[in-house]
Structures are given as structure tokens and as C-alpha cells.
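Asks: Provided below: coords_8.txt, containing compact mmCIF, C-alpha atoms.
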```
# COMPACT_ATOMS: atom_id res chain seq x y z
CA ILE A 87 215.16 -146.88 -70.44
CA SER A 88 214.63 -145.84 -74.04
CA GLU A 89 211.76 -143.58 -75.03
CA SER A 90 210.11 -146.32 -77.12
CA ALA A 91 210.25 -148.78 -74.21
CA LEU A 92 208.74 -146.20 -71.85
CA LEU A 93 205.91 -145.51 -74.31
CA GLY A 94 205.19 -149.23 -74.62
CA PHE A 95 205.03 -149.58 -70.83
CA VAL A 96 202.52 -146.70 -70.53
CA GLN A 97 200.29 -148.16 -73.24
CA GLN A 98 200.35 -151.56 -71.53
CA GLN A 99 199.30 -149.97 -68.22
CA GLN A 100 196.40 -148.12 -69.92
CA GLN A 101 195.14 -151.32 -71.53
CA THR A 102 195.30 -153.16 -68.21
CA SER A 103 193.38 -150.32 -66.49
CA HIS A 104 190.65 -150.30 -69.17
CA ALA A 105 190.24 -154.07 -68.98
CA SER A 106 189.97 -153.92 -65.19
CA ALA A 107 187.33 -151.15 -65.31
CA LYS A 108 185.33 -153.08 -67.90
CA ALA A 109 185.41 -156.24 -65.81
CA GLU A 110 184.36 -154.30 -62.70
CA ALA A 111 181.37 -152.73 -64.52
CA LYS A 112 180.30 -156.14 -65.83
CA ALA A 113 180.47 -157.66 -62.33
CA LYS A 114 178.47 -154.76 -60.88
CA ALA A 115 175.73 -155.15 -63.52
CA LYS A 116 175.57 -158.89 -62.83
CA ALA A 117 175.23 -158.27 -59.09
CA GLN A 118 172.38 -155.76 -59.65
CA ALA A 119 170.55 -158.24 -61.88
CA GLN A 120 170.83 -160.95 -59.23
CA ALA A 121 169.57 -158.57 -56.53
CA GLN A 122 166.53 -157.62 -58.62
CA SER A 123 165.71 -161.27 -59.29
CA HIS A 124 165.55 -161.93 -55.55
CA ALA A 125 163.64 -158.76 -54.68
CA GLU A 126 159.92 -158.83 -53.88
CA PRO A 127 157.75 -158.28 -56.95
CA SER A 128 156.33 -154.79 -57.24
CA GLU A 129 152.60 -154.28 -56.89
CA PRO A 130 150.77 -154.10 -60.23
CA LYS A 131 149.36 -150.75 -61.24
CA VAL A 132 145.67 -150.42 -60.50
CA ARG A 133 143.64 -149.35 -63.50
CA ALA A 134 140.24 -147.74 -63.27
CA ALA A 135 137.39 -150.03 -64.18
CA PRO A 136 135.58 -149.20 -67.43
CA ASN A 137 132.71 -146.75 -66.92
CA ALA A 138 133.78 -146.25 -63.30
CA PRO A 139 132.26 -143.14 -61.66
CA PRO A 140 134.62 -140.17 -61.34
CA PRO A 141 136.59 -140.05 -58.09
CA GLN A 142 135.35 -137.84 -55.29
CA PRO A 143 136.78 -134.33 -55.68
CA PRO A 144 139.19 -133.18 -52.98
CA GLY A 145 137.96 -131.26 -49.97
CA GLU A 146 134.24 -130.92 -49.40
CA PRO A 147 132.54 -130.85 -52.83
CA THR A 148 129.17 -129.17 -53.24
CA THR A 149 128.20 -129.76 -56.89
CA VAL A 150 126.29 -132.91 -57.82
CA MET A 151 125.12 -134.39 -61.11
CA LEU A 152 121.57 -135.75 -61.09
CA ARG A 153 121.03 -138.33 -63.85
CA ASN A 154 118.04 -140.20 -65.35
CA ILE A 155 115.68 -137.26 -65.15
CA PRO A 156 112.47 -137.86 -67.16
CA ASN A 157 112.68 -135.95 -70.42
CA ARG A 158 109.50 -133.95 -69.87
CA TYR A 159 110.98 -132.08 -66.91
CA THR A 160 111.76 -128.42 -67.53
CA SER A 161 114.02 -126.24 -65.43
CA GLY A 162 110.92 -124.89 -63.72
CA SER A 163 109.47 -128.26 -62.79
CA LEU A 164 112.93 -129.42 -61.66
CA LEU A 165 113.14 -126.47 -59.26
CA VAL A 166 109.71 -127.36 -57.89
CA LEU A 167 110.93 -130.91 -57.28
CA LEU A 168 114.06 -129.71 -55.44
CA ASP A 169 112.05 -127.37 -53.22
CA GLU A 170 109.40 -130.01 -52.48
CA ARG A 171 112.14 -132.37 -51.28
CA GLY A 172 113.50 -129.90 -48.76
CA PHE A 173 116.18 -128.03 -50.70
CA GLN A 174 114.59 -124.62 -51.02
CA ALA A 175 117.27 -121.91 -50.57
CA CYS A 176 119.93 -124.65 -50.26
CA TYR A 177 121.36 -124.25 -53.78
CA ASP A 178 122.87 -121.38 -55.76
CA PHE A 179 123.25 -122.96 -59.21
CA VAL A 180 121.04 -125.26 -61.28
CA TYR A 181 121.45 -126.23 -64.93
CA LEU A 182 119.27 -128.66 -66.85
CA PRO A 183 120.81 -129.06 -70.36
CA MET A 184 118.28 -129.16 -73.17
CA ASP A 185 118.08 -130.67 -76.64
CA PHE A 186 117.71 -127.50 -78.71
CA GLN A 187 116.07 -129.28 -81.63
CA ASN A 188 113.54 -131.43 -79.80
CA GLY A 189 112.84 -129.14 -76.86
CA VAL A 190 113.37 -131.80 -74.16
CA ASN A 191 116.00 -132.14 -71.49
CA LEU A 192 118.99 -134.45 -71.94
CA GLY A 193 118.28 -136.48 -68.82
CA TYR A 194 120.71 -134.91 -66.36
CA ALA A 195 121.25 -131.73 -64.36
CA PHE A 196 123.96 -130.01 -62.33
CA VAL A 197 123.10 -128.62 -58.91
CA ASN A 198 125.48 -126.73 -56.64
CA LEU A 199 124.49 -126.83 -52.99
CA LEU A 200 125.52 -124.17 -50.48
CA ARG A 201 127.20 -126.60 -48.10
CA HIS A 202 128.84 -129.98 -48.34
CA SER A 203 126.33 -131.32 -45.82
CA ASP A 204 123.50 -130.22 -48.14
CA ALA A 205 125.17 -132.07 -51.02
CA ILE A 206 125.42 -135.24 -48.92
CA ARG A 207 121.73 -134.95 -48.03
CA PHE A 208 120.91 -134.37 -51.72
CA LYS A 209 122.64 -137.61 -52.64
CA GLU A 210 120.73 -139.47 -49.93
CA VAL A 211 117.38 -138.11 -51.12
CA PHE A 212 117.79 -138.48 -54.88
CA GLN A 213 119.90 -141.62 -55.20
CA GLY A 214 117.37 -144.19 -56.43
CA PHE A 215 114.57 -141.59 -56.58
CA GLN A 216 111.45 -142.61 -58.56
CA ASP A 217 108.63 -140.38 -57.29
CA TRP A 218 108.43 -138.20 -60.41
CA ARG A 219 105.52 -135.92 -61.21
CA PHE A 220 105.22 -137.61 -64.62
CA ASP A 221 104.73 -141.31 -65.30
CA SER A 222 108.23 -142.69 -65.65
CA ALA A 223 110.12 -145.86 -64.79
CA LYS A 224 113.41 -144.02 -64.53
CA VAL A 225 115.49 -144.37 -61.36
CA SER A 226 117.73 -141.41 -60.65
CA GLU A 227 121.42 -141.56 -59.83
CA VAL A 228 123.55 -138.92 -58.13
CA SER A 229 127.31 -138.45 -58.39
CA TRP A 230 129.79 -135.67 -57.76
CA ALA A 231 130.11 -133.32 -60.70
CA HIS A 232 133.40 -133.61 -62.58
CA PRO A 233 135.59 -131.77 -63.45
CA HIS A 234 133.88 -128.54 -62.33
CA GLN A 235 133.00 -127.96 -58.68
CA GLY A 236 131.47 -124.96 -56.95
CA LEU A 237 129.57 -121.90 -58.11
CA ALA A 238 132.57 -119.94 -59.40
CA GLU A 239 133.78 -122.71 -61.71
CA HIS A 240 130.32 -123.22 -63.20
CA VAL A 241 129.86 -119.51 -63.78
CA GLU A 242 133.12 -119.41 -65.71
CA ARG A 243 132.15 -122.58 -67.56
CA TYR A 244 128.85 -121.21 -68.88
CA ARG A 245 128.97 -117.39 -68.96
CA ASN A 246 130.48 -117.44 -72.48
CA SER A 247 128.64 -120.55 -73.67
CA PRO A 248 126.31 -120.41 -76.70
CA VAL A 249 123.46 -121.42 -74.37
CA MET A 250 123.67 -117.90 -72.92
CA HIS A 251 123.08 -116.25 -76.31
CA PRO A 252 120.14 -113.80 -76.28
CA SER A 253 118.30 -115.93 -78.85
CA MET A 254 118.08 -118.84 -76.40
CA PRO A 255 114.91 -119.31 -74.30
CA ASP A 256 115.43 -118.34 -70.70
CA GLU A 257 114.37 -121.78 -69.43
CA TYR A 258 117.28 -123.35 -71.36
CA LYS A 259 119.94 -121.36 -69.52
CA PRO A 260 121.93 -122.10 -66.35
CA MET A 261 120.42 -120.39 -63.31
CA MET A 262 121.94 -118.66 -60.27
CA PHE A 263 120.21 -118.11 -56.91
CA GLN A 264 120.67 -116.07 -53.75
CA SER A 265 118.59 -116.78 -50.66
CA GLY A 266 116.30 -118.97 -52.74
CA LYS A 267 115.61 -116.27 -55.35
CA ARG A 268 116.89 -116.41 -58.90
CA VAL A 269 119.40 -113.65 -59.74
CA GLN A 270 120.94 -112.44 -62.98
CA PHE A 271 123.76 -114.56 -64.36
CA PRO A 272 127.10 -112.71 -64.65
CA PRO A 273 127.55 -111.16 -68.11
CA PRO A 274 129.86 -112.76 -70.69
CA THR A 275 133.46 -111.64 -71.05
CA ARG A 276 133.48 -112.00 -74.84
CA VAL A 277 131.07 -112.09 -77.76
CA ILE A 278 128.86 -115.19 -77.60
CA LYS A 279 128.17 -117.09 -80.79
CA ALA A 280 124.63 -118.24 -81.45
CA PRO A 281 124.00 -122.00 -81.34
CA LYS A 282 124.05 -123.66 -84.76
CA LEU A 283 121.07 -125.89 -84.01
CA ARG A 284 117.57 -124.60 -84.52
CA LEU A 285 115.22 -124.51 -81.58
CA GLY A 286 112.45 -127.09 -81.54
CA ARG A 287 108.99 -125.76 -82.22
CA ASP A 288 107.33 -127.89 -79.58
CA ARG A 289 108.66 -127.21 -76.12
CA PRO A 290 107.95 -129.49 -73.17
CA ARG A 291 104.98 -128.67 -70.99
CA ASP A 292 104.37 -129.28 -67.29
CA SER A 293 101.72 -131.89 -67.96
CA ALA A 294 101.69 -135.65 -67.79
CA GLY A 295 102.06 -137.71 -70.90
CA PRO A 296 104.38 -140.06 -72.76
CA GLU A 297 108.03 -139.13 -72.52
CA GLU A 298 109.84 -137.74 -75.49
CA SER A 299 113.24 -139.04 -76.46
CA SER A 300 116.37 -136.90 -76.32
CA ARG A 301 119.72 -137.09 -78.07
CA GLU A 302 121.09 -139.18 -75.25
CA GLY A 303 118.22 -141.68 -75.17
CA SER A 304 115.32 -142.11 -72.83
```
Please render this file's structure as C-alpha cells.

Replies:
Amino acid sequence: ISESALLGFVQQQQQTSHASAKAEAKAKAKAQAQAQSHAEPSEPKVRAAPNAPPPQPPGEPTTVMLRNIPNRYTSGSLLVLLDERGFQACYDFVYLPMDFQNGVNLGYAFVNLLRHSDAIRFKEVFQGFQDWRFDSAKVSEVSWAHPHQGLAEHVERYRNSPVMHPSMPDEYKPMMFQSGKRVQFPPPTRVIKAPKLRLGRDRPRDSAGPEESSREGS
């Protein structure tokens, strides 16, 4: 056999092999497509409903968010309310955010209870609560705090916050407790910048009267 004939034979074999491999791949793809068309349809992805409450944190969460608090409540009057409802010495962290300009609360607070069972009881007591010390039609709601849970996470969240600046009134700041007594908040780990907003001249008082509006509405 001449060299040219041998070379032609090899090239013919390579072409036949490539064509066979191509046909095999095409048949395999067709078979996979047919199998998928007969397979059971996959379940659609479940999307969270708009404005859905945050999911329950893992484990046994202890921090709750109390919403729809009348705007005239101060941190002091909120503590009185918690103690009157049977939670004295059952919490170690309370924070009622304030509107720095208007001097009223923003309508919600974070409370960390000592035990998960205390947090469950808190939700039972204050979900739908209306027995405020001031005239108000607000109905409170309670949910698990998100994303921060527990005393340690809230300390780290606020210890370097502008709300802890020395120029801020003490009643505007997050509070820590031990055995029912307020204790000093851990010091910051860096220089705290003063809030840019000016403090309101008229601060809320513990007396009945028409509610004042806040930045988040009444």
C-alpha cells in the first residue's frame, strides 16, 4: 500500500469516528430532553409575601420588638409599664428610640428578656395591648427582633452609636439592667460622632394629653 493511500484511509477513519461521536451526542441530548418533558414538574419557589413579618430566629430568641407605642411614652414610663405587667427583673436591655428633633418616641421599642419563656409571655401580654396610661387608640404588636438577638448583639449594635454621645439626654439612650437595676452601658470602642440633628426643646412629659406625631407617624 502506498503512503498516499494509507494517509487517505486514516483520514477517512477519523471522519467516520467524528461523525459517529456527533450523532451519539445528538441522540443523547434528544433522550435527555424527552426524559425532562415526561418528568414531574418541579415545585415553584415560594416567595415571601410583601410586608411579611421577619421569620422566627433560630434557637430560643429572647429579644422582642414592641410596636405602636403611644408617642408620649418615655423610657421611664415604658419601664413602669413593663414592671406593672409582671416583667420586673425579667429583662436586661430596653431601648425606646426617640425623635431627636421633636422629643417624642418613634413608636417602637426593643426589649431583651432573660429567658425565652419570658419572651413568649411578653408576646402574650402585649400583643393587642391597649391599656395605656395615656389616652390612645393604638393597639400594640409584638414580633421577634431582627436581625439582632440577645444582649451581646444589642450592646455591640449601640455602644458606638451616635445616640450614646455625651451630648445626648440619658433618657434617649439604650439601657442595660442586672437584677432589675439599671447598670452602666459598656463604653464605646471608638470615638462617637455627635448626632447631626438638634435636640427638640420640648421633651415629652409623663402626663396625659394629645399625642404628638413622630417621624414615623402616629

Asks: Which residue out of A:Glu210, A:Asp256, A:Asp204, A:Glu146 has the minimum interatomic distance to A:Gln174 when only C-alpha atoms are used?

Replies: A:Asp204

Asks: So that I can see what lies close to stretch 193-202 of chain A, please list as a PyMOL selection string the residues with an atom at most 9 Å from it, counting all atoms listed in the file and leaving out residues fewer than 3 positions away in the same chain.

Replies: chain A and resi 146-157+159+173+175-184+190+205-208+231+235-237+240+300+302-304

Asks: Could you state the separation of atom CA of A:Pro252 and atom CA of A:Leu168 in Å, given to one decimal place?

Replies: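 Atom CA of A:Pro252 sits 26.9 Å away from atom CA of A:Leu168.
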
Asks: For the point (121.6, -141.9, -60.4) in file coordinates, what residues are within 6 Å, counting only C-alpha atoms? Give the answer as a list of chain:residue names?

Replies: A:Arg153, A:Gln213, A:Ser226, A:Glu227, A:Val228

Asks: Can those selected residues be exported to a file as a short mmCIF file (atom, residue, chain, number, x, y, z; two decimals), in the frame of the given file so that it contains C-alpha atoms?

Replies:
```
data_model
loop_
_atom_site.label_atom_id
_atom_site.label_comp_id
_atom_site.auth_asym_id
_atom_site.auth_seq_id
_atom_site.Cartn_x
_atom_site.Cartn_y
_atom_site.Cartn_z
CA ARG A 153 121.03 -138.33 -63.85
CA GLN A 213 119.90 -141.62 -55.20
CA SER A 226 117.73 -141.41 -60.65
CA GLU A 227 121.42 -141.56 -59.83
CA VAL A 228 123.55 -138.92 -58.13
#
```
